[in-house]
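Structure file entry-v9.cif with mmCIF, C-alpha atoms:
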```
data_structure
#
loop_
_atom_site.label_atom_id
_atom_site.label_comp_id
_atom_site.auth_asym_id
_atom_site.auth_seq_id
_atom_site.Cartn_x
_atom_site.Cartn_y
_atom_site.Cartn_z
CA MET A 705 -6.76 297.54 151.04
CA ARG A 706 -7.33 293.94 152.13
CA ILE A 707 -6.90 291.08 149.64
CA LEU A 708 -8.05 287.49 150.07
CA GLY A 709 -5.83 285.08 148.12
CA ILE A 710 -7.22 281.61 147.36
CA ASP A 711 -5.59 278.46 146.01
CA PRO A 712 -8.61 276.21 145.28
CA GLY A 713 -8.89 272.48 145.77
CA LEU A 714 -11.37 269.93 147.08
CA ALA A 715 -9.06 268.39 149.69
CA ILE A 716 -7.24 271.62 150.60
CA VAL A 717 -8.09 275.25 149.92
CA GLY A 718 -5.18 277.53 150.76
CA TYR A 719 -6.11 281.06 151.80
CA SER A 720 -4.35 284.22 152.91
CA ILE A 721 -5.33 287.72 153.92
CA ILE A 722 -2.92 290.49 152.95
CA ASP A 723 -3.22 294.14 153.92
CA ILE A 724 -1.54 296.79 151.81
CA ILE A 725 -0.50 299.67 154.06
CA LYS A 726 1.56 302.41 152.46
CA ASP A 727 4.39 300.53 150.76
CA ASP A 728 4.07 297.29 152.71
CA TYR A 729 2.34 293.96 152.15
CA ILE A 730 1.36 292.63 155.57
CA LEU A 731 0.27 289.02 156.01
CA VAL A 732 -2.71 289.27 158.39
CA SER A 733 -3.69 285.61 158.32
CA SER A 734 -3.16 282.47 156.32
CA GLY A 735 -4.21 278.88 156.53
CA SER A 736 -6.15 276.15 154.84
CA ILE A 737 -9.58 274.65 154.66
CA GLN A 738 -8.99 270.89 154.75
CA THR A 739 -12.02 268.78 153.99
CA ASP A 740 -12.71 265.32 155.35
CA LYS A 741 -11.93 262.70 152.68
CA THR A 742 -14.48 260.29 154.16
CA LYS A 743 -17.34 262.67 153.32
CA THR A 744 -19.15 262.96 150.00
CA ASP A 745 -18.05 265.57 147.48
CA SER A 746 -21.20 267.60 148.15
CA GLN A 747 -20.47 267.60 151.90
CA ARG A 748 -16.88 268.67 151.23
CA LEU A 749 -18.01 271.48 148.91
CA PHE A 750 -20.46 272.67 151.55
CA GLU A 751 -17.64 272.63 154.12
CA ILE A 752 -15.55 274.85 151.80
CA GLU A 753 -18.48 277.25 151.39
CA THR A 754 -19.17 277.42 155.13
CA ASP A 755 -15.52 277.86 156.15
CA LEU A 756 -14.85 280.45 153.44
CA GLN A 757 -17.90 282.45 154.56
CA THR A 758 -16.50 282.42 158.11
CA ILE A 759 -13.14 283.74 156.80
CA ILE A 760 -14.92 286.48 154.81
CA ASP A 761 -17.03 287.46 157.83
CA LYS A 762 -13.98 287.62 160.09
CA PHE A 763 -11.54 289.46 157.81
CA LYS A 764 -13.85 291.45 155.49
CA PRO A 765 -11.62 291.52 152.38
CA ASN A 766 -12.08 294.27 149.78
CA CYS A 767 -11.23 291.94 146.91
CA ALA A 768 -10.13 288.39 146.18
CA SER A 769 -7.70 286.67 143.88
CA VAL A 770 -8.30 283.04 142.88
CA GLU A 771 -6.04 280.70 140.95
CA LYS A 772 -7.48 279.67 137.57
CA LEU A 773 -7.47 276.11 136.35
CA PHE A 774 -4.75 275.92 133.78
CA TYR A 775 -3.53 272.39 133.21
CA PHE A 776 -3.64 269.27 135.30
CA LYS A 777 -1.48 266.19 134.84
CA ASN A 778 -3.88 264.19 137.01
CA GLN A 779 -7.23 264.02 135.19
CA LYS A 780 -8.90 262.62 138.34
CA THR A 781 -8.47 265.93 140.19
CA ILE A 782 -9.52 268.45 137.55
CA ILE A 783 -13.28 268.09 138.04
CA PRO A 784 -13.25 268.22 141.87
CA VAL A 785 -10.96 271.27 141.77
CA ALA A 786 -13.25 272.92 139.20
CA GLU A 787 -16.24 272.21 141.45
CA ALA A 788 -14.42 273.72 144.45
CA ARG A 789 -13.54 276.80 142.36
CA GLY A 790 -17.22 277.14 141.45
CA VAL A 791 -18.23 277.15 145.11
CA ILE A 792 -15.45 279.64 145.92
CA LEU A 793 -16.40 282.01 143.09
CA SER A 794 -20.07 281.77 144.06
CA ILE A 795 -19.50 282.66 147.72
CA LEU A 796 -17.25 285.58 146.73
CA GLU A 797 -19.94 286.84 144.33
CA LYS A 798 -22.62 286.37 147.02
CA ASN A 799 -20.56 288.68 149.26
CA SER A 800 -20.02 291.25 146.46
CA ILE A 801 -16.25 290.78 146.57
CA LYS A 802 -14.40 291.79 143.39
CA ILE A 803 -12.65 288.74 141.94
CA SER A 804 -9.42 288.53 139.94
CA GLU A 805 -8.20 285.25 138.49
CA PHE A 806 -4.68 284.21 137.50
CA THR A 807 -3.15 281.03 136.08
CA PRO A 808 -0.15 279.51 137.88
CA ILE A 809 2.12 280.71 135.05
CA GLU A 810 0.79 284.27 135.37
CA VAL A 811 1.37 284.21 139.13
CA LYS A 812 4.94 282.98 138.69
CA GLN A 813 5.62 285.56 135.97
CA ILE A 814 4.30 288.44 138.06
CA ILE A 815 5.93 287.33 141.34
CA THR A 816 9.34 286.18 140.06
CA GLY A 817 9.58 287.56 136.53
CA TYR A 818 9.72 284.01 135.13
CA GLY A 819 6.61 281.98 134.27
CA ARG A 820 8.33 278.63 134.84
CA ALA A 821 9.78 279.51 138.25
CA SER A 822 10.07 276.72 140.82
CA LYS A 823 8.05 276.54 144.05
CA ASP A 824 11.23 277.51 145.94
CA GLU A 825 11.76 280.60 143.77
CA VAL A 826 8.14 281.70 144.31
CA ALA A 827 8.50 281.07 148.07
CA LYS A 828 11.67 283.19 148.19
CA MET A 829 9.97 286.12 146.44
CA VAL A 830 6.96 285.84 148.76
CA GLU A 831 9.36 285.86 151.71
CA LEU A 832 11.06 289.00 150.38
CA SER A 833 7.76 290.76 149.60
CA VAL A 834 5.57 290.16 152.64
CA LYS A 835 5.93 291.27 156.22
CA TYR A 836 5.09 288.26 158.37
CA LYS A 837 5.99 286.54 161.60
CA LYS A 838 6.44 283.08 160.11
CA LEU A 839 5.91 281.96 156.53
CA PRO A 840 3.49 279.01 156.27
CA LYS A 841 4.90 275.63 155.26
CA LEU A 842 1.88 274.25 153.37
CA ASP A 843 2.28 274.77 149.60
CA ASP A 844 -1.42 275.59 149.14
CA THR A 845 -1.22 278.37 151.74
CA LEU A 846 2.02 279.74 150.33
CA ASP A 847 0.47 279.71 146.85
CA SER A 848 -2.50 281.71 148.16
CA ILE A 849 -0.11 284.42 149.37
CA ALA A 850 1.55 284.54 145.94
CA ILE A 851 -1.89 284.80 144.32
CA ALA A 852 -2.85 287.72 146.59
CA LEU A 853 0.47 289.46 145.83
CA CYS A 854 -0.13 288.93 142.13
CA HIS A 855 -3.47 290.71 142.46
CA ALA A 856 -1.88 293.63 144.30
CA ARG A 857 0.85 294.03 141.69
CA MET A 858 -1.56 293.77 138.74
CA GLU A 859 -3.78 296.43 140.30
CA GLY A 860 -0.73 298.68 140.64
CA ILE A 861 -0.86 298.65 144.42
CA LYS A 862 2.69 299.39 145.57
#
```
What is this file in structure tokens?
Amino acid sequence: MRILGIDPGLAIVGYSIIDIIKDDYILVSSGSIQTDKTKTDSQRLFEIETDLQTIIDKFKPNCASVEKLFYFKNQKTIIPVAEARGVILSILEKNSIKISEFTPIEVKQIITGYGRASKDEVAKMVELSVKYKKLPKLDDTLDSIAIALCHARMEGIK
């Protein structure tokens, strides 16, 4: 099974592709879609759609896991992130990819056993869970791996 994990945002969309083979989670690819801040929101959303379609075409995931909006301290970012999530969900639906959604607290609970775990604690559990050459440094990308792992564990895979 191949899972696409997505941490949505307008400036940065973190993504990862994880294969589940026997009892192993294998990180196939990870990265980010980083949009140009000098462009309009509609141009940035279109860039997310186009780049995500390229990722889907290249890796052909069986399913996807997307982080839900839960709570934002910065009210300026909630609407752009919600718009980016809308584009992401739409392109996944267009490609008939089954979608699961999890809040950050749910991801932390499932990955670490504690819903208020720190970024470092989540990163450590991702490191222990996934076979990879080098763990990505960007938080958005690392979060996308945790989101994909959350999906796998909730589906009872491994």
Residues matched by the PyMOL selection byres ((chain A and resi 731-738) around 8) as a PyMOL selection string: chain A and resi 715-723+729-730+739-740+752+755-756+834-836+840+844-845+849
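Compared by their closest atoms to A:Lys772, and using only C-alpha atoms, the residues A:Asp728, A:Asp824, A:Glu797, A:Asp711 rank with A:Asp711 nearest.
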Could you give me, as a list in words, the residues within 7 Å of stretch 850-859 of chain A, counting only C-alpha atoms and dropping anything in the same chain fewer than 3 positions from it? Ile707, Leu708, Gly709, Ile710, Ile722, Ser769, Val770, Glu771, Ser804, Val811, Ile814, Ile815, Val830, Leu846, Asp847 and Lys862 of chain A
Could you list, as a PyMOL selection string, every residue within 12 Å of A:Leu773, counting all atoms listed in the file and ignoring same-chain residues fewer than 6 positions away? chain A and resi 711-713+781-790+805-810
